[in-house]
>>> print(open('protein-v1.cif').read())   # mmCIF, C-alpha atoms
data_coords
#
loop_
_atom_site.group_PDB
_atom_site.id
_atom_site.type_symbol
_atom_site.label_atom_id
_atom_site.label_comp_id
_atom_site.auth_asym_id
_atom_site.auth_seq_id
_atom_site.Cartn_x
_atom_site.Cartn_y
_atom_site.Cartn_z
ATOM 1 C CA MET M 28 190.527 114.146 163.666
ATOM 2 C CA ALA M 29 192.011 111.613 161.313
ATOM 3 C CA ASN M 30 190.337 108.275 160.799
ATOM 4 C CA THR M 31 193.697 106.534 160.837
ATOM 5 C CA GLN M 32 194.150 106.619 164.613
ATOM 6 C CA GLY M 33 192.135 103.451 165.200
ATOM 7 C CA THR M 34 188.950 102.497 166.959
ATOM 8 C CA LEU M 35 187.936 103.921 170.320
ATOM 9 C CA GLY M 36 189.064 100.706 172.006
ATOM 10 C CA GLU M 37 192.466 100.791 170.308
ATOM 11 C CA VAL M 38 193.000 104.455 171.225
ATOM 12 C CA LEU M 39 192.076 103.840 174.872
ATOM 13 C CA ARG M 40 194.199 100.685 175.140
ATOM 14 C CA GLU M 41 197.211 102.550 173.745
ATOM 15 C CA ALA M 42 196.635 105.470 176.120
ATOM 16 C CA ARG M 43 196.411 103.088 179.108
ATOM 17 C CA ASN M 44 199.639 101.368 178.119
ATOM 18 C CA LYS M 45 201.394 104.710 177.653
ATOM 19 C CA ALA M 46 200.228 105.667 181.145
ATOM 20 C CA ASP M 47 201.751 102.381 182.367
ATOM 21 C CA LEU M 48 198.507 101.196 183.926
ATOM 22 C CA SER M 49 197.218 97.631 183.966
ATOM 23 C CA LEU M 50 193.571 96.982 183.160
ATOM 24 C CA ARG M 51 192.830 96.325 186.829
ATOM 25 C CA ASP M 52 194.734 99.440 188.014
ATOM 26 C CA LEU M 53 192.616 101.579 185.705
ATOM 27 C CA ALA M 54 189.406 99.787 186.700
ATOM 28 C CA LYS M 55 190.139 100.581 190.369
ATOM 29 C CA LYS M 56 190.793 104.253 189.583
ATOM 30 C CA LEU M 57 187.494 104.534 187.723
ATOM 31 C CA SER M 58 185.528 102.317 190.156
ATOM 32 C CA VAL M 59 184.387 100.051 187.327
ATOM 33 C CA THR M 60 185.019 96.367 186.676
ATOM 34 C CA ALA M 61 188.000 95.154 184.659
ATOM 35 C CA SER M 62 185.663 93.196 182.380
ATOM 36 C CA TYR M 63 183.739 96.406 181.547
ATOM 37 C CA LEU M 64 186.990 98.148 180.581
ATOM 38 C CA SER M 65 188.126 95.090 178.639
ATOM 39 C CA ASP M 66 184.854 95.180 176.667
ATOM 40 C CA ILE M 67 185.432 98.881 175.896
ATOM 41 C CA GLU M 68 189.019 98.286 174.761
ATOM 42 C CA SER M 69 187.851 95.410 172.564
ATOM 43 C CA ASP M 70 185.056 97.581 171.066
ATOM 44 C CA ARG M 71 182.358 95.251 172.396
ATOM 45 C CA ARG M 72 180.750 98.018 174.461
ATOM 46 C CA VAL M 73 180.490 101.776 174.179
ATOM 47 C CA PRO M 74 181.346 103.586 177.429
ATOM 48 C CA SER M 75 178.901 105.922 179.102
ATOM 49 C CA GLU M 76 179.483 109.626 178.562
ATOM 50 C CA GLU M 77 180.622 109.895 182.192
ATOM 51 C CA VAL M 78 183.238 107.136 181.904
ATOM 52 C CA LEU M 79 184.416 108.492 178.562
ATOM 53 C CA GLY M 80 184.829 111.930 180.142
ATOM 54 C CA GLU M 81 186.911 110.474 182.969
ATOM 55 C CA LEU M 82 189.084 108.498 180.536
ATOM 56 C CA ALA M 83 189.627 111.548 178.312
ATOM 57 C CA LYS M 84 190.619 113.633 181.347
ATOM 58 C CA MET M 85 192.936 110.990 182.757
ATOM 59 C CA PHE M 86 194.737 110.351 179.461
ATOM 60 C CA HIS M 87 194.646 113.961 178.181
ATOM 61 C CA LEU M 88 192.554 112.997 175.163
ATOM 62 C CA LYS M 89 190.070 115.263 173.411
ATOM 63 C CA LEU M 90 186.587 114.382 174.614
ATOM 64 C CA ASP M 91 184.997 115.499 171.319
ATOM 65 C CA GLU M 92 187.189 113.060 169.406
ATOM 66 C CA MET M 93 186.497 110.244 171.856
ATOM 67 C CA MET M 94 182.758 110.900 171.642
ATOM 68 C CA ALA M 95 182.970 110.810 167.863
ATOM 69 C CA LEU M 96 184.873 107.516 167.929
ATOM 70 C CA ALA M 97 182.223 106.156 170.310
ATOM 71 C CA GLY M 98 179.515 107.221 167.869
ATOM 72 C CA ARG M 99 177.974 109.450 170.552
ATOM 73 C CA VAL M 100 176.910 113.065 170.301
ATOM 74 C CA GLY M 101 176.371 113.372 174.038
ATOM 75 C CA ASP M 102 173.284 114.359 176.012
ATOM 76 C CA ASP M 103 173.644 118.043 175.080
ATOM 77 C CA GLY M 104 174.144 117.114 171.437
ATOM 78 C CA GLU M 105 171.030 114.918 171.429
ATOM 79 C CA ARG M 106 168.942 117.699 172.985
ATOM 80 C CA TYR M 107 170.275 120.128 170.391
ATOM 81 C CA LEU M 108 169.453 117.744 167.531
ATOM 82 C CA LYS M 109 165.892 117.355 168.803
ATOM 83 C CA SER M 110 165.326 121.081 169.145
ATOM 84 C CA HIS M 111 167.064 122.024 165.858
ATOM 85 C CA PRO M 112 165.852 119.770 163.023
ATOM 86 C CA SER M 113 168.218 121.492 160.566
ATOM 87 C CA ALA M 114 171.145 119.969 162.461
ATOM 88 C CA GLY M 115 169.737 116.515 161.706
ATOM 89 C CA VAL M 116 169.235 117.485 158.058
ATOM 90 C CA LEU M 117 172.855 118.655 157.868
ATOM 91 C CA PHE M 118 174.080 115.352 159.285
ATOM 92 C CA ARG M 119 171.962 113.318 156.840
ATOM 93 C CA LYS M 120 173.293 115.371 153.930
ATOM 94 C CA LEU M 121 176.881 114.710 155.038
ATOM 95 C CA ALA M 122 176.117 111.006 155.321
ATOM 96 C CA ASP M 123 174.264 110.856 151.976
ATOM 97 C CA GLN M 124 177.208 112.481 150.215
ATOM 98 C CA ARG M 125 179.664 110.117 151.934
ATOM 99 C CA MET M 126 181.748 113.183 152.620
ATOM 100 C CA PRO M 127 185.448 112.272 153.022
ATOM 101 C CA GLU M 128 187.381 113.072 156.198
ATOM 102 C CA GLU M 129 189.311 116.011 154.732
ATOM 103 C CA GLU M 130 186.098 117.709 153.590
ATOM 104 C CA LEU M 131 184.535 117.080 156.999
ATOM 105 C CA GLN M 132 187.530 118.731 158.648
ATOM 106 C CA LYS M 133 186.899 121.841 156.523
ATOM 107 C CA VAL M 134 183.282 121.905 157.733
ATOM 108 C CA VAL M 135 184.447 121.502 161.352
ATOM 109 C CA LYS M 136 186.931 124.377 160.951
ATOM 110 C CA TYR M 137 184.237 126.551 159.360
ATOM 111 C CA VAL M 138 181.836 125.838 162.227
ATOM 112 C CA ASP M 139 184.611 126.508 164.776
ATOM 113 C CA GLY M 140 185.207 129.859 163.033
ATOM 114 C CA LEU M 141 181.503 130.720 163.259
ATOM 115 C CA GLY M 142 181.558 129.893 166.969
ATOM 116 C CA LYS M 143 184.553 132.192 167.556
ATOM 117 C CA LYS M 144 182.928 135.081 165.676
ATOM 118 C CA LYS M 145 179.777 134.578 167.754
ATOM 119 C CA GLY M 146 181.759 134.354 171.008
ATOM 120 C CA MET Q 11 215.232 77.155 165.202
ATOM 121 C CA LYS Q 12 215.059 74.809 162.262
ATOM 122 C CA ASN Q 13 212.537 73.251 159.945
ATOM 123 C CA LEU Q 14 211.923 69.515 160.273
ATOM 124 C CA ARG Q 15 209.886 67.352 157.942
ATOM 125 C CA SER Q 16 207.085 65.582 159.839
ATOM 126 C CA PRO Q 17 205.906 61.997 158.998
ATOM 127 C CA ASP Q 18 203.038 63.446 156.915
ATOM 128 C CA GLY Q 19 205.555 65.330 154.783
ATOM 129 C CA THR Q 20 204.800 68.843 156.051
ATOM 130 C CA GLU Q 21 207.545 71.169 157.271
ATOM 131 C CA ARG Q 22 207.408 71.974 161.003
ATOM 132 C CA LEU Q 23 209.235 74.626 162.999
ATOM 133 C CA TRP Q 24 211.468 73.084 165.663
ATOM 134 C CA PHE Q 25 213.138 74.649 168.719
ATOM 135 C CA ASP Q 26 215.093 72.551 171.198
ATOM 136 C CA HIS Q 27 214.357 73.100 174.894
ATOM 137 C CA GLY Q 28 217.548 75.018 175.585
ATOM 138 C CA GLU Q 29 216.836 77.384 172.708
ATOM 139 C CA ILE Q 30 213.320 78.099 174.019
ATOM 140 C CA ASP Q 31 214.780 78.837 177.465
ATOM 141 C CA ARG Q 32 217.366 81.194 175.980
ATOM 142 C CA ILE Q 33 214.781 83.058 173.885
ATOM 143 C CA MET Q 34 212.431 83.482 176.851
ATOM 144 C CA GLU Q 35 215.182 84.536 179.283
ATOM 145 C CA SER Q 36 216.482 87.057 176.777
ATOM 146 C CA GLU Q 37 213.009 88.574 176.296
ATOM 147 C CA LEU Q 38 212.417 88.782 180.056
ATOM 148 C CA ARG Q 39 215.738 90.583 180.489
ATOM 149 C CA LYS Q 40 214.972 92.971 177.626
ATOM 150 C CA ALA Q 41 211.612 93.704 179.259
ATOM 151 C CA SER Q 42 213.293 94.152 182.696
ATOM 152 C CA LEU Q 43 210.999 91.409 183.978
ATOM 153 C CA TYR Q 44 213.551 88.701 184.720
ATOM 154 C CA PRO Q 45 212.655 87.158 188.115
ATOM 155 C CA SER Q 46 214.695 88.377 191.071
ATOM 156 C CA ILE Q 47 214.658 87.956 194.840
ATOM 157 C CA GLU Q 48 212.750 91.244 195.132
ATOM 158 C CA GLY Q 49 210.367 90.362 192.291
ATOM 159 C CA PRO Q 50 210.168 86.590 191.869
ATOM 160 C CA VAL Q 51 206.857 86.571 189.964
ATOM 161 C CA VAL Q 52 206.918 87.634 186.312
ATOM 162 C CA ASP Q 53 204.227 90.180 185.450
ATOM 163 C CA VAL Q 54 202.985 88.373 182.343
ATOM 164 C CA GLU Q 55 200.392 91.045 181.543
ATOM 165 C CA ARG Q 56 203.144 93.663 181.422
ATOM 166 C CA LEU Q 57 205.274 91.390 179.219
ATOM 167 C CA ILE Q 58 202.427 91.010 176.719
ATOM 168 C CA GLU Q 59 201.042 94.537 176.677
ATOM 169 C CA ARG Q 60 204.060 96.776 177.231
ATOM 170 C CA HIS Q 61 206.986 94.705 175.972
ATOM 171 C CA LEU Q 62 205.474 92.658 173.137
ATOM 172 C CA LYS Q 63 203.008 95.472 172.253
ATOM 173 C CA VAL Q 64 200.235 92.952 171.816
ATOM 174 C CA ALA Q 65 196.542 93.792 172.285
ATOM 175 C CA LEU Q 66 195.420 91.692 175.252
ATOM 176 C CA ASP Q 67 191.723 90.893 175.665
ATOM 177 C CA GLN Q 68 191.385 89.110 178.988
ATOM 178 C CA HIS Q 69 187.604 88.824 178.884
ATOM 179 C CA ALA Q 70 187.038 87.288 175.472
ATOM 180 C CA GLU Q 71 183.971 85.227 174.558
ATOM 181 C CA LEU Q 72 185.717 82.039 173.503
ATOM 182 C CA ASP Q 73 184.466 78.514 173.061
ATOM 183 C CA PRO Q 74 184.484 76.830 176.508
ATOM 184 C CA THR Q 75 187.050 74.347 175.209
ATOM 185 C CA VAL Q 76 189.521 77.153 174.394
ATOM 186 C CA LEU Q 77 191.448 78.936 177.167
ATOM 187 C CA GLY Q 78 193.416 81.333 174.997
ATOM 188 C CA LEU Q 79 193.878 82.408 171.413
ATOM 189 C CA THR Q 80 196.617 84.306 169.569
ATOM 190 C CA GLU Q 81 195.824 86.007 166.280
ATOM 191 C CA PHE Q 82 198.230 87.598 163.828
ATOM 192 C CA PHE Q 83 197.190 90.340 161.439
ATOM 193 C CA ASP Q 84 198.817 91.881 158.425
ATOM 194 C CA GLY Q 85 199.847 95.451 159.284
ATOM 195 C CA LYS Q 86 198.509 95.395 162.860
ATOM 196 C CA PRO Q 87 199.886 94.060 166.146
ATOM 197 C CA PRO Q 88 198.890 90.530 167.174
ATOM 198 C CA ARG Q 89 195.997 90.035 169.591
ATOM 199 C CA ILE Q 90 195.860 87.619 172.513
ATOM 200 C CA SER Q 91 192.399 86.662 173.769
ATOM 201 C CA ILE Q 92 191.882 84.893 177.093
ATOM 202 C CA ASN Q 93 188.627 83.103 177.879
ATOM 203 C CA LYS Q 94 186.632 85.362 180.195
ATOM 204 C CA SER Q 95 185.597 82.373 182.325
ATOM 205 C CA LEU Q 96 189.250 81.634 183.070
ATOM 206 C CA THR Q 97 190.078 85.264 183.903
ATOM 207 C CA GLY Q 98 186.924 85.523 185.990
ATOM 208 C CA SER Q 99 187.706 82.425 188.022
ATOM 209 C CA ALA Q 100 191.350 83.478 188.488
ATOM 210 C CA LEU Q 101 190.956 87.146 189.351
ATOM 211 C CA ASP Q 102 187.478 88.514 189.668
ATOM 212 C CA GLU Q 103 185.675 86.178 192.023
ATOM 213 C CA ASP Q 104 185.734 86.448 195.800
ATOM 214 C CA GLU Q 105 186.997 82.913 196.215
ATOM 215 C CA THR Q 106 189.530 81.901 193.593
ATOM 216 C CA PRO Q 107 189.424 78.138 192.991
ATOM 217 C CA PRO Q 108 192.744 76.416 193.739
ATOM 218 C CA GLY Q 109 194.995 76.436 190.699
ATOM 219 C CA ALA Q 110 192.902 78.940 188.723
ATOM 220 C CA LEU Q 111 195.420 81.765 189.062
ATOM 221 C CA GLY Q 112 198.267 79.484 187.974
ATOM 222 C CA ARG Q 113 196.249 78.227 185.021
ATOM 223 C CA TRP Q 114 195.463 81.813 183.973
ATOM 224 C CA ARG Q 115 199.137 82.821 184.216
ATOM 225 C CA ALA Q 116 200.230 79.688 182.330
ATOM 226 C CA THR Q 117 197.711 80.475 179.566
ATOM 227 C CA LEU Q 118 199.000 84.061 179.242
ATOM 228 C CA ALA Q 119 202.583 82.768 179.098
ATOM 229 C CA HIS Q 120 201.605 80.108 176.540
ATOM 230 C CA GLU Q 121 200.016 82.717 174.256
ATOM 231 C CA ALA Q 122 202.992 85.085 174.716
ATOM 232 C CA ALA Q 123 205.196 82.209 173.543
ATOM 233 C CA HIS Q 124 203.077 81.880 170.384
ATOM 234 C CA VAL Q 125 203.847 85.537 169.649
ATOM 235 C CA LEU Q 126 207.555 85.111 170.322
ATOM 236 C CA LEU Q 127 208.088 81.787 168.586
ATOM 237 C CA HIS Q 128 205.460 81.595 165.861
ATOM 238 C CA ARG Q 129 205.154 85.162 164.549
ATOM 239 C CA VAL Q 130 207.864 84.234 162.049
ATOM 240 C CA LEU Q 131 205.539 81.652 160.464
ATOM 241 C CA PHE Q 132 202.818 84.244 159.923
ATOM 242 C CA GLU Q 133 205.273 86.784 158.537
ATOM 243 C CA PHE Q 134 206.661 84.145 156.185
ATOM 244 C CA ALA Q 135 203.139 83.192 155.045
ATOM 245 C CA VAL Q 136 202.180 86.851 154.427
ATOM 246 C CA GLY Q 137 205.419 87.447 152.547
ATOM 247 C CA ASN Q 138 204.732 84.459 150.313
ATOM 248 C CA MET Q 139 201.071 85.322 149.872
ATOM 249 C CA SER Q 140 201.946 88.748 148.605
ATOM 250 C CA LEU Q 141 203.680 87.058 145.688
ATOM 251 C CA PHE Q 142 200.462 85.357 144.615
ATOM 252 C CA ALA Q 143 197.497 87.162 146.143
ATOM 253 C CA THR Q 144 195.841 90.261 144.769
ATOM 254 C CA GLU Q 145 193.393 90.706 147.660
ATOM 255 C CA PRO Q 146 194.527 91.704 151.171
ATOM 256 C CA ARG Q 147 194.380 88.929 153.702
ATOM 257 C CA ALA Q 148 190.960 89.074 155.374
ATOM 258 C CA GLU Q 149 191.113 86.336 157.977
ATOM 259 C CA PRO Q 150 193.653 86.392 160.805
ATOM 260 C CA ALA Q 151 195.923 83.458 161.384
ATOM 261 C CA ALA Q 152 195.289 82.000 164.809
ATOM 262 C CA ALA Q 153 196.822 79.640 167.317
ATOM 263 C CA ASN Q 154 194.908 78.590 170.393
ATOM 264 C CA SER Q 155 195.284 76.873 173.754
ATOM 265 C CA PRO Q 156 192.673 74.167 174.166
ATOM 266 C CA ALA Q 157 191.207 73.745 177.628
ATOM 267 C CA ALA Q 158 192.597 70.586 179.173
#
>>> encode(input="protein-v1.cif", output="structure tokens")
Amino acid sequence: MANTQGTLGEVLREARNKADLSLRDLAKKLSVTASYLSDIESDRRVPSEEVLGELAKMFHLKLDEMMALAGRVGDDGERYLKSHPSAGVLFRKLADQRMPEEELQKVVKYVDGLGKKKG
Amino acid sequence: MKNLRSPDGTERLWFDHGEIDRIMESELRKASLYPSIEGPVVDVERLIERHLKVALDQHAELDPTVLGLTEFFDGKPPRISINKSLTGSALDEDETPPGALGRWRATLAHEAAHVLLHRVLFEFAVGNMSLFATEPRAEPAAANSPAA
């Protein structure tokens, strides 16, 4: 995922406009208030994992990328971090080294490759 | 559109009424939003978001004396912010106070007009700044609608 695509709010606002939905149309579909969605689009609030999942599904966006933009690892991710301290160490090392996006993408591809071999 | 010198010596942008009408009618036609018998009410949200490609924040935390605000950014689309109290009273409450919906629509239209008529001033300022500045512009240029 490139960092150039914008904030979570910008990505979701663009997706809503491409889908030709007004803020209130989308709020009705998701059974949330328009002000809540407006706060999300303006990056004043971070959506719940459930709402983010619904938005990703509706707009055909990758949930992993949306979660990353939201700064969330998800409930499963948090449980994994707690039960595997090395995962936390890995994250801190990445942060300490201020690893650039292209290097991070290599790590993601490597991890994806490990997952495929395992599967 | 022309520049006029005001009494204090500064240059001001000037449009006559007919010119403003022509610009607005032309934009509404381009956006396929020109009022008709079947659709007499202009969808101002659609005009701003889909046609002008402006980020619209209808629930912004603005000073109570400000109904709407238009900001221009270098390299990014403009943003229109509408005071959340105004949007709330116009749309979200069970009983909309008389006139609130009209005031909300008029504020959206007013801010859309800033984008259409005044973007040129910002673009001119950025173009000139680039001749002198070495740092990117940090603060957005803004125009607002004071609450009456």
>>> residues_near_point(input="protein-v1.cif", point="(177.4, 100.7, 170.9)", cutoff="12 Å", atoms="all atoms listed in the file", output="list in words")
Leu35, Gly36, Asp66, Ile67, Ser69, Asp70, Arg71, Arg72, Val73, Pro74, Ser75, Glu76, Met94, Ala95, Leu96, Ala97, Gly98 and Arg99 of chain M
>>> closest_residue(input="protein-v1.cif", among="M:Phe86, M:Tyr137, M:Ser62, M:Leu50", to="chain Q", atoms="all atoms listed in the file")
M:Ser62
>>> atom_distance(input="protein-v1.cif", atom1="atom CA of Pro88 of chain Q", atom2="atom CA of Ala65 of chain Q")
6.5 Å
>>> interface_residues(input="protein-v1.cif", of="chain Q", to="chain M", cutoff="12 Å", atoms="only C-alpha atoms", output="JSON, numbers by chain")
{"Q": [53, 54, 55, 56, 57, 58, 59, 60, 61, 62, 63, 64, 65, 66, 67, 68, 69, 70, 71, 86, 87, 89, 90, 91, 92, 93, 94, 95, 97, 98, 101, 102, 103]}
>>> closest_residue(input="protein-v1.cif", among="Q:Glu21, Q:Glu48, Q:Glu35, Q:Glu121", to="Leu77 of chain Q", atoms="only C-alpha atoms")
Q:Glu121
>>> residues_around(input="protein-v1.cif", residues="Val51 of chain Q", least_positions_apart="6", cutoff="12 Å", atoms="all atoms listed in the file", output="list in words")
Leu38, Leu43, Tyr44, Pro45, Leu57, Gly112 and Arg115 of chain Q
>>> atom_distance(input="protein-v1.cif", atom1="atom CA of Pro74 of chain Q", atom2="atom CA of Gly109 of chain Q")
17.7 Å
>>> atom_distance(input="protein-v1.cif", atom1="atom CA of Ser155 of chain Q", atom2="atom CA of Pro50 of chain Q")
25.4 Å
>>> resolve_selection(input="protein-v1.cif", expression="the PyMOL selection byres ((chain M and resi 131) around 12)", output="PDB file with C-alpha atoms, in the frame of the given file")
ATOM      1  CA  MET M  28     190.527 114.146 163.666  1.00  0.00           C
ATOM      2  CA  ALA M  29     192.011 111.613 161.313  1.00  0.00           C
ATOM      3  CA  ASN M  30     190.337 108.275 160.799  1.00  0.00           C
ATOM      4  CA  LEU M 117     172.855 118.655 157.868  1.00  0.00           C
ATOM      5  CA  PHE M 118     174.080 115.352 159.285  1.00  0.00           C
ATOM      6  CA  LYS M 120     173.293 115.371 153.930  1.00  0.00           C
ATOM      7  CA  LEU M 121     176.881 114.710 155.038  1.00  0.00           C
ATOM      8  CA  ALA M 122     176.117 111.006 155.321  1.00  0.00           C
ATOM      9  CA  GLN M 124     177.208 112.481 150.215  1.00  0.00           C
ATOM     10  CA  ARG M 125     179.664 110.117 151.934  1.00  0.00           C
ATOM     11  CA  MET M 126     181.748 113.183 152.620  1.00  0.00           C
ATOM     12  CA  PRO M 127     185.448 112.272 153.022  1.00  0.00           C
ATOM     13  CA  GLU M 128     187.381 113.072 156.198  1.00  0.00           C
ATOM     14  CA  GLU M 129     189.311 116.011 154.732  1.00  0.00           C
ATOM     15  CA  GLU M 130     186.098 117.709 153.590  1.00  0.00           C
ATOM     16  CA  GLN M 132     187.530 118.731 158.648  1.00  0.00           C
ATOM     17  CA  LYS M 133     186.899 121.841 156.523  1.00  0.00           C
ATOM     18  CA  VAL M 134     183.282 121.905 157.733  1.00  0.00           C
ATOM     19  CA  VAL M 135     184.447 121.502 161.352  1.00  0.00           C
ATOM     20  CA  LYS M 136     186.931 124.377 160.951  1.00  0.00           C
ATOM     21  CA  TYR M 137     184.237 126.551 159.360  1.00  0.00           C
ATOM     22  CA  VAL M 138     181.836 125.838 162.227  1.00  0.00           C
TER      23      VAL M 138
END
>>> closest_residue(input="protein-v1.cif", among="M:Lys55, M:His111, M:Lys145, M:Arg43", to="His87 of chain M", atoms="only C-alpha atoms")
M:Arg43
>>> axis_aligned_box(input="protein-v1.cif", around="segment 72-88 of chain Q", padding_each_side="5 Å", output="lines of an AutoDock Vina configuration file")
center_x = 192.2
center_y = 84.9
center_z = 167.8
size_x = 25.4
size_y = 31.1
size_z = 28.7
>>> decode(input="protein-v1.cif", residues="segment 49-87 of chain Q", atoms="C-alpha atoms", output="CSV table (one decimal), in the first residue's frame")
chain,number,residue,atom,x,y,z
Q,49,GLY,CA,-36.3,18.8,-10.5
Q,50,PRO,CA,-36.8,22.4,-9.4
Q,51,VAL,CA,-34.4,22.2,-6.4
Q,52,VAL,CA,-30.7,22.2,-7.0
Q,53,ASP,CA,-28.8,19.5,-5.2
Q,54,VAL,CA,-26.1,21.7,-3.8
Q,55,GLU,CA,-24.3,18.9,-2.0
Q,56,ARG,CA,-24.0,17.1,-5.4
Q,57,LEU,CA,-22.7,20.3,-7.0
Q,58,ILE,CA,-20.0,20.7,-4.4
Q,59,GLU,CA,-18.9,17.1,-4.0
Q,60,ARG,CA,-19.3,15.5,-7.4
Q,61,HIS,CA,-19.1,18.5,-9.8
Q,62,LEU,CA,-16.6,20.8,-8.1
Q,63,LYS,CA,-14.7,17.9,-6.5
Q,64,VAL,CA,-14.5,19.7,-3.2
Q,65,ALA,CA,-14.2,18.0,0.2
Q,66,LEU,CA,-17.4,18.9,2.0
Q,67,ASP,CA,-17.4,18.7,5.8
Q,68,GLN,CA,-21.0,19.4,6.9
Q,69,HIS,CA,-20.4,18.8,10.6
Q,70,ALA,CA,-17.4,21.1,11.3
Q,71,GLU,CA,-16.5,22.6,14.7
Q,72,LEU,CA,-16.6,26.2,13.7
Q,73,ASP,CA,-16.8,29.4,15.8
Q,74,PRO,CA,-20.6,30.0,16.5
Q,75,THR,CA,-20.3,33.2,14.5
Q,76,VAL,CA,-19.2,31.4,11.4
Q,77,LEU,CA,-21.7,29.4,9.3
Q,78,GLY,CA,-19.4,28.2,6.6
Q,79,LEU,CA,-15.7,28.3,5.6
Q,80,THR,CA,-13.9,27.6,2.3
Q,81,GLU,CA,-10.2,26.8,2.3
Q,82,PHE,CA,-7.9,26.5,-0.6
Q,83,PHE,CA,-4.7,24.4,-0.5
Q,84,ASP,CA,-1.7,24.1,-2.7
Q,85,GLY,CA,-1.8,20.8,-4.6
Q,86,LYS,CA,-5.1,19.5,-2.9
Q,87,PRO,CA,-8.7,20.2,-3.6
